[in-house]
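Engineer: Dropping a structure here in structure tokens format, bear with me for questions.
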Amino acid sequence: MRAFLVLLFFLCSSRARTPSPGPVQDTYAFTLSNGLRVIVAVRPKLQMAAVNLSVDLGSLDDPIGQSGIAHMLEHTTLSGAVNVGSLDPKAEAIALAELDRANHALEEAQSKPETESAGLADLERWFAQAQRAAQATAEDREVVGSRLEGHGAIGLNATTSADVTQYFTSIPTENVDLWLSLEAARLRYPIFRRYYLERNVVLREIDGLTNGKPTCQELLLRDIFPGSPLAQSMAGDPRELKKIDRLAALAYFHRFYRPERTVIVIVGNVQPETIRVAAEKYFGDWHPQPPVEVSRSRSSRISPLKEVRTRSCNSMRNPLVLMAFPQETTTPAQLAAADVLAELINSEDLSPVNRRMIEKQAIAWNIEASPDFPSHKTPGFFLLHIYGVSGVEHQRLMEETRNALRELSTLPDEDIQGGIFAAEMKIASQFDDPPSYAALLAANEAVQGNWKASLERLEALRSLSVENVRKAAISMFGSQATSTGATSQ
Amino acid sequence: MKTFSFCALLLAICFSSPCATAVDKQAPAKEADASSTQMNLPNGLRVLVKGSMHSALYSEVLLVVRAGLVTSEPDEEIARVAAAALTSGRRSPSDPPIRMELARLGVTMDSTVGREVAVFRFAVPTANTLPFLHLLGLLVSRETIPVEQWADAIDRDNRVQEVEQSDMWLLSNTQLRDLIWTTEMGKPRLMQRISTRTADRKLLNDFWQRAYAGENMVLSVWGDVDPEDLSRSIREQFSVRDHGPGLGESPRSPEPALKHTGSTRCEQTGEAVPAALMVGVGAVTDSDEAFYASQLAVHILGASYNSRLQRRLREKSGVVYTVEAAAVPIGITGTTLRIACQTDQVEATRSVILAELQRLVREPVDQEELDYAKAILRSRLKLDAGSMREQFYRESLQMLLSRPLRDPNKAETIIASFTPQTLLRALQSTIRNETASTLVISAHPEPLCEVAHETR
């Protein structure tokens, strides 16, 4: 009876809204009383459900001096929970506390130049011993991944973008409940038992990605947003990551992994009501302490530039030019027009940039345009990567790019219409693929508070005229502004 | 953060009425789910149509042609060029390039030329489905391809091959395969490229006429388009060309033959930090049982978090960031079990991989890891079964090829029947560990390369 009353309370405390017409037909959304949002897209023909849990936390949220911490959390939370994967929770807590002490002592010694090597070796032994002791108290595997795969989960993975952290997999419909229960456990009772091992994995990953150097894109971001979190390395600065220990990571996790910042999306042959009841069961009584209010640095520190900013550097052996064009206005129509311009530039068959620089002059081998760079949360940039042929000067690449971009507004109607179609197809194909659709809904809801954002973008594209695109091209690329800040790496 | 618009209203309703209405139970709109209909055109073209799919945001078109590499033997390059020719050139000198026409319609396409068939997949905005079919009908109805279109196709094919040849990572798969299997098998890559000057256009046109004829093709179209309109349009556009002279039975290309021993190949490039390590072993998968046994072996070995290599190389020793095992088909009856990772400890990592390959045929797997592998394999089969593209592709193959295809409906019975002991026996007769071969791509010379059978 008591259980029934509790359930009744949770049912009442949930809020819901009706499914929407159009492509998102049969998509249901509701919010638990603690603010956790759940979106269910019913797809009766699917035998596998695409599931996605997203947290409104990305690399842009990394505090100055702790770059990479969001990415680090993404890696460490899959090792289980206090009550999932432990062979002896009390013994494990003691062993992990000892491991933290060993790590602290070792890091302190490593930071002092006067530390003798013999002393350092002793501390390293202590740390290794504590690590082994801690490992002996828990299952020696990636606990969450293993359990889910044992129940048929495939494509299990996680990503950290500038805006959001996403955990996702595809799982047989009958095992969605298990997925929810494991997600609840790792979010509510984190332990980070493999933290120090995983930190080494992350450091190796960063080394593989960047070879220890800032990328050209990071250099551009430093130019555009000096001193801002946007200027930090998305994957993280190895020196800063090494200073973040398990306790600091846990503290950061508790601050941001909270129900009101969490979105769950399930796309599959599931009943919304069943999912809502399960979500209530596993997450409904998750009521963490209110967070200490910390002003989020990204909005307060960023003052977007009003001019084109260009940086040139070398990527491997070849010249690379990055050009960032401010996108100050963010109405759906303007964003849709930016999508179309990106598609036109990227198109092998319609792009005037491609024609001029790759086919006719052979001075570049690839050109990529990305709207909405680097984040959906801030006024962004339209970013161009121009990969030059070896020996071509950066300045020539910039000039020719500018000339080619100006041709965009004079393209024939059919070409621009082709760009509109291409932008529509890009969104439509994501809607068609269950894991991509789940990721899209979750990211839209977590980042913009609007899971329908992509549908709105699709609608905006469908009502976009060729003339709208021409105007956007003139507004964005038509100015004669000279590039600034061009330097070589 | 934006709040949901209906929340307050529904909250009020919730407190004043039975709360089962918390989630709106409006019945989902029914999608018209007509099964595909088949049409056979007088010229032999078989067509599968599924229209009125109201939830489809765009149309898909799949064209499967019995024009794979073995069909143009002894010169399989011809099959590749012919596939490129489908969308090369212009309709007439005054028209824009065909690929530009496709781009203007918002059509995206990809194509592959496999051993037996060439496959073309198109995604088309719903509104442009009929105009696109009109264009495609014109393209496949050509009796011969004009000279300049062959030149365009040859150029494009050469560019694709140049990219493949210059990308060490793409090339590594071919190289590993060639360490394990004899190169006579199916001649996967022609070594002499066709150039626009040396091309024998008569040969090309002859192949085009024989292979790209109605009786060698299956066209599938599905989307939110009126099926009557679709059928009418296809009948009009695709009936233009008569029966071709006929391709006849595809020559029986020799099946893959395993080499007697494995070998090692080393490549050096400054970009390979840490080194890339690929280990492969041949497997003879000439029965359904052998095929599914090899699939299970891959999952037990290194295709999941629970896999032996993931646990030994990543979790325990931390020498790799991730390790991936895959079963790569070769011909009809062969498979390469391929394990790939990046590591700065090549020798130690390779030793572990080889030891685990040996263990697979020496001792039975644990019941738990077998159950995990079965669960993952079943999920993969479910994903395939749910893919409309996969279903149409399979139906097309069944119509075009004379040999029987593997029946996925039998998979569950076979998978369920495996015990640790029966899997061991199946793997013992499937995996040929004597062919175990290694490919290393590193920035610096690796010690194992100094004693390798084959070093470059």
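Naming scheme: A, B, ... for chains in displayed order of the structure tokens; residues 1 onward per chain; ligands 1 onward as shown.
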According to DSSP computed on the backbone, where in range 19-140 of chain B is there helix (DSSP H, G or I)? Give the residues as a ChimeraX atom specification.
Structural biologist: /B:19-22,69-72,77-85,98-104,126-140
Engineer: Quick one: residues within 7 Å of range 112-119 of chain B, only C-alpha atoms counted, chain neighbours fewer than 4 positions away excluded, as a list in words?
Structural biologist: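 Residues meeting the cut-off are Leu63, Val64, Val65, Arg66, Ala67, Gly68, Leu69, Val70, Thr71, Arg80 and Ala83 of chain B.
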Engineer: Which residue, B:Leu105, B:Gln428, B:Glu363, B:Ala257, has the smallest gap to Ala423 in chain A when you use only C-alpha atoms?
Structural biologist: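 For Ala423 in chain A, the nearest of the candidates is B:Leu105.
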Engineer: From the options A:Pro379, A:Pro89, A:Gly150, A:Pro63, which residue's atoms come nearest to chain B, counting only C-alpha atoms?
Structural biologist: A:Gly150
Engineer: Identify, on the basis of only C-alpha atoms, every residue whose closest approach to Ala185 in chain A does not exceed 7 Å; exclude the query and any residue fewer than 4 positions from it along the same chain; express the result as a list of chain:residue names.
Structural biologist: A:Ala81, A:Ser181, A:Tyr189
Engineer: So which one's closest to chain B, A:Leu322, A:Leu96, A:Leu156, A:Leu106? Using only C-alpha atoms, please.
Structural biologist: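 Counting only C-alpha atoms, the residue closest to chain B is A:Leu156.
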Engineer: Given the choices A:Pro290, A:Gly268, A:Gly58, A:Gly227, which gets closest to Arg255 in chain A if the distance is worked out from only C-alpha atoms?
Structural biologist: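 Closest candidate: A:Pro290.
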Engineer: Among range 201-265 of chain B, which ones does DSSP place in strand (DSSP E), written as a ChimeraX atom specification?
Structural biologist: /B:217-222,264-265
Engineer: Quick one, how far is CA of Ala235 in chain A from CA of His71 in chain A?
Structural biologist: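 Atom-to-atom, CA of Ala235 in chain A to CA of His71 in chain A, that is 6.3 Å.
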Engineer: For chain A, which residue out of B:Met278, B:Ala123, B:Leu203, B:Val49 is the nearest one, using only C-alpha atoms?
Structural biologist: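 Nearest to chain A: B:Ala123.
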Engineer: Mind checking which residues fall within 6 Å of Gly214 in chain B, counting only C-alpha atoms, ignoring those fewer than 3 positions away in the same chain, and posting them as a PDB file with N, CA and C atoms, in the first residue's frame?
Structural biologist:
```
ATOM      1  N   ASN B  43      11.969  -5.900 -69.993  1.00  0.00           N
ATOM      2  CA  ASN B  43      13.404  -6.052 -70.274  1.00  0.00           C
ATOM      3  C   ASN B  43      14.141  -6.825 -69.182  1.00  0.00           C
ATOM      4  N   GLY B  44      13.400  -7.379 -68.247  1.00  0.00           N
ATOM      5  CA  GLY B  44      14.029  -8.224 -67.226  1.00  0.00           C
ATOM      6  C   GLY B  44      14.302  -7.514 -65.917  1.00  0.00           C
ATOM      7  N   LEU B  45      14.178  -6.188 -65.901  1.00  0.00           N
ATOM      8  CA  LEU B  45      14.439  -5.456 -64.662  1.00  0.00           C
ATOM      9  C   LEU B  45      13.399  -5.830 -63.611  1.00  0.00           C
ATOM     10  N   MET B 217      19.718  -6.442 -63.018  1.00  0.00           N
ATOM     11  CA  MET B 217      19.520  -5.391 -62.012  1.00  0.00           C
ATOM     12  C   MET B 217      18.261  -5.628 -61.199  1.00  0.00           C
TER      13      MET B 217
END
```
Engineer: CA of Pro434 in chain A and CA of Asp56 in chain A are how many Å apart?
Structural biologist: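 About the pair CA of Pro434 in chain A and CA of Asp56 in chain A: they are 21.0 Å apart.
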Engineer: Find the nearest atom pair between each residue of range 267-362 of chain B and range 374-383 of chain B for residues within 9 Å, count only C-alpha atoms, give distances in Å to one decimal, sort rows by chain and ascending number, and present the table as CSV.
Structural biologist:
```
residue,atom,partner,partner_atom,distance
B:Tyr292,CA,B:Leu377,CA,8.8
B:Gln295,CA,B:Leu377,CA,7.4
B:Leu296,CA,B:Lys374,CA,6.7
B:His299,CA,B:Ile376,CA,7.7
B:Ser304,CA,B:Ile376,CA,8.4
```
